[in-house]
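Comments concern the structure below.
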Amino acid sequence: MNTPSPTAAESSASRIPEIRVPGTLTLIGLVGGLVLGLVLAGKPAAVPVLEFAGPIGSLWLQGLQMTILPLVAGLLFSGIVETIAVAQAGAMARRTLGTIVGFLAFSATLGAVAMPVLLKFFPIPAGVQFAHPEDPGKVPGIADFLSSLMPENVISAAAADAMLPVIVFVALFAIASTRLADEPRRLLAVLFEGLAGAMMVVIGWVLMLAPIGVFALGFGLGVRSGGAALGALAHYIVLVTAVGTVVMIAGYVIAVFSGRRSLPAFAAAMLPAQIVAISTQSSIATVPAMLASSRKLGVSATTSEFVLPLAVTLFRATGPAMNMAVAVYAAKLAGLELTTGALAAGALVAFATTFGAVSLPGTISFVSSIGPIAAAMGVPLWPLGVLVAVEVLPDLMRTVGNVTMDVALTTAVDEGVDAVSSETETIH
């Protein structure tokens, strides 16, 4: 089989400008704000500090919010175009993409189901209060979800922050662009790639101010919620990580039942790659270790050298589930009860936007991935301003889960190739 390697053509993800985020300083800012808020809680000195910190936190959140729509449009268009191009690369590519699409749909559904169940049995600690500038909007029901799939006017939908119809429009537009002649197709691809890149630069600028913005938000949370704020953040980390753990376990199931590898062998082969994933928090940096794991599992070099780079580019298995989990948690913090329609809208957006995700620091992907989901569900974005500061901890599970699923996918595709080859050889 002469299948071109996905690394031969440079993806838009590799052409995104390099963005550096002060993750450690952001976490320090959150802790500092919470501690100062706890110290001043109930004291007269807290009032003037709140009057100063409140607008700063709100302004920083608005800076994040203004980038979400154009960023998602650019990334989603580029991601869909590249996915369609990969699907035309051959039978192995189509088999790999079919598995990826199916599991990402499962992952989105898992997040929509698992997090509400976890919150029912393990509710958010009482006493957590956020300062927020507006009342929560209407949570969409199932009828609202269905009627919003096709926008009457995409411009007015975008102006109203109606994320779901805009995403549907961009997806259809991207698919239609692949039917154009070469020159206009390339021009559109460059346009949306440039849009995504420019928005990444802007969001990088905003996130450089994250330590200040998160400090202001953390201070308000500490004053209003006291020690309950710390308990809520720990509770959030545990629950979101638990959802990601389910995805990682599914990787072991796929390797055993679809990849036909024994559980002890797969676990032993994965351990070195998982250690690298934890230490680097980067799936791309873990590719050499994943190739070594695949060799230990007896995967052919042809399969592993094709599937693993493709999986790292397109297959963020934990993304839909954990992103949905964060959005549902944010809804609970905002005091919203999500309807079936809201959860369906969120799951659809979580699934679709995964194809536009890029390998960037967790703080950036947090904003670009979860913002559209929250908007589609009618969830305000202000809880995300504090949750983003502790994303470094759930992001460990995101990387480990993705790496585990990438190798599991490789074993499953390799087993499928062997089965097809065996059937072909027996035909006379």
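Letters A, B, ... go to the chains of the structure tokens in the order shown; residues in each chain start at 1; ligands are counted from 1 in the same order.
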Pick out the residues sitting within 10 Å of Tyr329 of chain A, and hand them over as a list of chain:residue names; count only C-alpha atoms, and ignore anything fewer than 3 positions along from it in its own chain.
-> A:Met115, A:Pro116, A:Leu119, A:Pro123, A:Ile124, A:Tyr236, A:Leu239, A:Val240, A:Asn323, A:Met324, A:Ala325, A:Val326, A:Lys332, A:Leu333, A:Ala334, A:Gly335, A:Leu336, A:Val379, A:Pro383, A:Leu384, A:Leu387
Export, as a short mmCIF file (atom, residue, chain, number, x, y, z; two decimals), in the first residue's frame, the selected residues with N, CA, C and O atoms.
```cif
data_model
loop_
_atom_site.label_atom_id
_atom_site.label_comp_id
_atom_site.auth_asym_id
_atom_site.auth_seq_id
_atom_site.Cartn_x
_atom_site.Cartn_y
_atom_site.Cartn_z
N MET A 115 -20.85 13.92 33.34
CA MET A 115 -20.69 15.02 34.28
C MET A 115 -21.98 15.37 35.02
O MET A 115 -21.94 15.58 36.24
N PRO A 116 -23.16 15.43 34.37
CA PRO A 116 -24.38 15.65 35.15
C PRO A 116 -24.62 14.57 36.20
O PRO A 116 -25.09 14.86 37.31
N LEU A 119 -22.17 15.19 39.09
CA LEU A 119 -22.60 16.33 39.89
C LEU A 119 -23.84 16.02 40.72
O LEU A 119 -24.05 16.63 41.77
N PRO A 123 -22.20 16.86 44.48
CA PRO A 123 -22.51 18.25 44.13
C PRO A 123 -21.39 19.21 44.49
O PRO A 123 -20.52 18.91 45.32
N ILE A 124 -21.41 20.38 43.86
CA ILE A 124 -20.43 21.42 44.13
C ILE A 124 -20.57 21.86 45.59
O ILE A 124 -21.68 22.02 46.09
N TYR A 236 -13.74 20.46 41.23
CA TYR A 236 -13.76 20.57 39.77
C TYR A 236 -12.65 19.75 39.14
O TYR A 236 -12.88 18.99 38.17
N LEU A 239 -13.46 15.92 39.36
CA LEU A 239 -14.55 15.45 38.51
C LEU A 239 -14.18 15.49 37.03
O LEU A 239 -14.46 14.53 36.29
N VAL A 240 -13.56 16.57 36.58
CA VAL A 240 -13.18 16.66 35.17
C VAL A 240 -12.12 15.60 34.84
O VAL A 240 -12.16 14.96 33.78
N ASN A 323 -14.13 18.68 27.63
CA ASN A 323 -14.64 20.01 27.35
C ASN A 323 -16.11 20.13 27.73
O ASN A 323 -16.55 21.14 28.30
N MET A 324 -16.88 19.10 27.42
CA MET A 324 -18.29 19.09 27.84
C MET A 324 -18.39 19.10 29.36
O MET A 324 -19.24 19.77 29.94
N ALA A 325 -17.52 18.33 30.01
CA ALA A 325 -17.54 18.28 31.47
C ALA A 325 -17.29 19.65 32.07
O ALA A 325 -17.95 20.06 33.03
N VAL A 326 -16.33 20.39 31.50
CA VAL A 326 -16.04 21.74 32.01
C VAL A 326 -17.24 22.65 31.80
O VAL A 326 -17.61 23.42 32.70
N LYS A 332 -23.28 24.70 36.29
CA LYS A 332 -23.67 24.52 37.69
C LYS A 332 -23.19 25.68 38.55
O LYS A 332 -23.90 26.14 39.45
N LEU A 333 -21.97 26.14 38.30
CA LEU A 333 -21.46 27.29 39.04
C LEU A 333 -22.33 28.52 38.79
O LEU A 333 -22.50 29.37 39.68
N ALA A 334 -22.88 28.62 37.57
CA ALA A 334 -23.73 29.76 37.23
C ALA A 334 -25.17 29.59 37.71
O ALA A 334 -25.99 30.48 37.52
N GLY A 335 -25.46 28.42 38.31
CA GLY A 335 -26.81 28.19 38.82
C GLY A 335 -27.80 27.76 37.76
O GLY A 335 -29.02 27.92 37.95
N LEU A 336 -27.33 27.20 36.64
CA LEU A 336 -28.22 26.80 35.56
C LEU A 336 -28.51 25.30 35.62
O LEU A 336 -27.63 24.50 35.91
N VAL A 379 -24.65 28.95 28.46
CA VAL A 379 -23.91 29.08 29.72
C VAL A 379 -23.01 30.31 29.65
O VAL A 379 -22.26 30.47 28.69
N PRO A 383 -17.54 31.86 34.61
CA PRO A 383 -16.87 30.85 35.45
C PRO A 383 -15.56 30.34 34.84
O PRO A 383 -14.65 29.92 35.56
N LEU A 384 -15.47 30.39 33.50
CA LEU A 384 -14.26 29.87 32.85
C LEU A 384 -13.04 30.71 33.18
O LEU A 384 -11.91 30.22 33.13
N LEU A 387 -11.66 28.95 36.22
CA LEU A 387 -11.33 27.55 35.98
C LEU A 387 -10.11 27.40 35.07
O LEU A 387 -9.36 26.42 35.19
#
```
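Comparing A:Ser282, A:Ser78, A:Thr67, A:Thr318 by their smallest distance to Phe106 of chain A, the closest is A:Thr318 (using only C-alpha atoms).
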Contact residues around Glu305 of chain A with only C-alpha atoms at 9 Å, ignoring same-chain residues under 4 positions, as a VMD selection string = chain A and resid 5 291 300 to 301 309 to 310
Export of the given selection (C-alpha atoms) as a PDB file, in the first residue's frame:
```
ATOM      1  CA  SER A   5       2.273  10.159   5.161  1.00  0.00           C
ATOM      2  CA  LEU A 291       6.261   4.724  18.127  1.00  0.00           C
ATOM      3  CA  SER A 300       3.851  -2.783  11.644  1.00  0.00           C
ATOM      4  CA  ALA A 301       6.084   0.211  10.947  1.00  0.00           C
ATOM      5  CA  PRO A 309       1.093  11.380  13.228  1.00  0.00           C
ATOM      6  CA  LEU A 310      -2.455  11.460  11.870  1.00  0.00           C
TER       7      LEU A 310
END
```
List every residue of segment 121-273 of chain A that DSSP, applied to the backbone of this structure, assigns to alpha helix (DSSP H), and report them as a PyMOL selection string.
-> chain A and resi 121+142-147+154-159+163-177+182-208+210-225+228-257+263-273
Fewer than 6 positions away in the same chain doesn't count, so skip those; otherwise give me all residues within 8 Å of Ala73 of chain A, counting only C-alpha atoms, as a short mmCIF file (atom, residue, chain, number, x, y, z; two decimals) with N, CA, C and O atoms, in the first residue's frame.
```cif
data_model
loop_
_atom_site.label_atom_id
_atom_site.label_comp_id
_atom_site.auth_asym_id
_atom_site.auth_seq_id
_atom_site.Cartn_x
_atom_site.Cartn_y
_atom_site.Cartn_z
N ILE A 167 -21.45 27.56 13.72
CA ILE A 167 -20.58 26.40 13.50
C ILE A 167 -21.12 25.52 12.38
O ILE A 167 -20.37 25.02 11.54
N VAL A 170 -20.27 27.33 9.11
CA VAL A 170 -18.85 27.25 8.77
C VAL A 170 -18.50 25.84 8.30
O VAL A 170 -17.72 25.66 7.34
N PHE A 192 -8.74 31.61 5.83
CA PHE A 192 -9.17 31.13 7.15
C PHE A 192 -7.98 30.74 8.01
O PHE A 192 -8.02 30.89 9.23
N ALA A 196 -7.36 32.42 11.68
CA ALA A 196 -7.09 31.67 12.91
C ALA A 196 -5.75 32.08 13.51
O ALA A 196 -5.63 32.26 14.73
#
```
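Coordinates place atom CA of Met248 of chain A at a distance of 4.4 Å from atom CA of Gly401 of chain A.
Distance check against Pro264 of chain A using only C-alpha atoms: of A:Ala229, A:Leu297, A:Leu191, A:Ala216, the minimum falls on A:Leu297.
Between atom CA of Trp205 of chain A and atom CA of Ser156 of chain A the separation is 27.9 Å.
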If you count only C-alpha atoms, which residues fall within 8 Å of Phe315 of chain A, apart from same-chain ones fewer than 5 positions away, as a list in words?
-> Ile100, Leu104, Leu310, Asn402 and Asp406 of chain A
Convert the current residue selection to file output with C-alpha atoms, as a PDB file, in the first residue's frame.
```pdb
ATOM      1  CA  ILE A 100     -11.635   8.689  14.966  1.00  0.00           C
ATOM      2  CA  LEU A 104     -15.087  11.486  19.112  1.00  0.00           C
ATOM      3  CA  LEU A 310      -2.455  11.460  11.870  1.00  0.00           C
ATOM      4  CA  ASN A 402      -4.924  11.183  24.233  1.00  0.00           C
ATOM      5  CA  ASP A 406      -3.570   7.199  19.914  1.00  0.00           C
TER       6      ASP A 406
END
```
Please provide as a ChimeraX atom specification all residues within 8 Å of Ala289 of chain A, with the sequence filter that same-chain residues fewer than 2 positions apart are discarded (counting only C-alpha atoms).
-> /A:272-273,276,286-287,291-293
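The coordinates place atom CA of Gln65 of chain A at 18.6 Å from atom CA of Ala53 of chain A.
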May I have the residues within 7 Å of segment 243-245 of chain A as a PDB file with C-alpha atoms, in the first residue's frame, using only C-alpha atoms and disregarding those fewer than 6 positions away in the same chain?
```pdb
ATOM      1  CA  GLY A 111     -19.169  14.188  28.642  1.00  0.00           C
ATOM      2  CA  ALA A 114     -21.202  11.551  32.815  1.00  0.00           C
ATOM      3  CA  THR A 318     -10.385  13.305  25.672  1.00  0.00           C
ATOM      4  CA  ALA A 321     -15.695  14.565  26.903  1.00  0.00           C
ATOM      5  CA  MET A 322     -13.579  16.814  29.126  1.00  0.00           C
ATOM      6  CA  MET A 397      -5.102  13.681  32.069  1.00  0.00           C
ATOM      7  CA  ARG A 398      -5.936  15.142  28.660  1.00  0.00           C
ATOM      8  CA  GLY A 401      -5.607   9.958  27.769  1.00  0.00           C
TER       9      GLY A 401
END
```
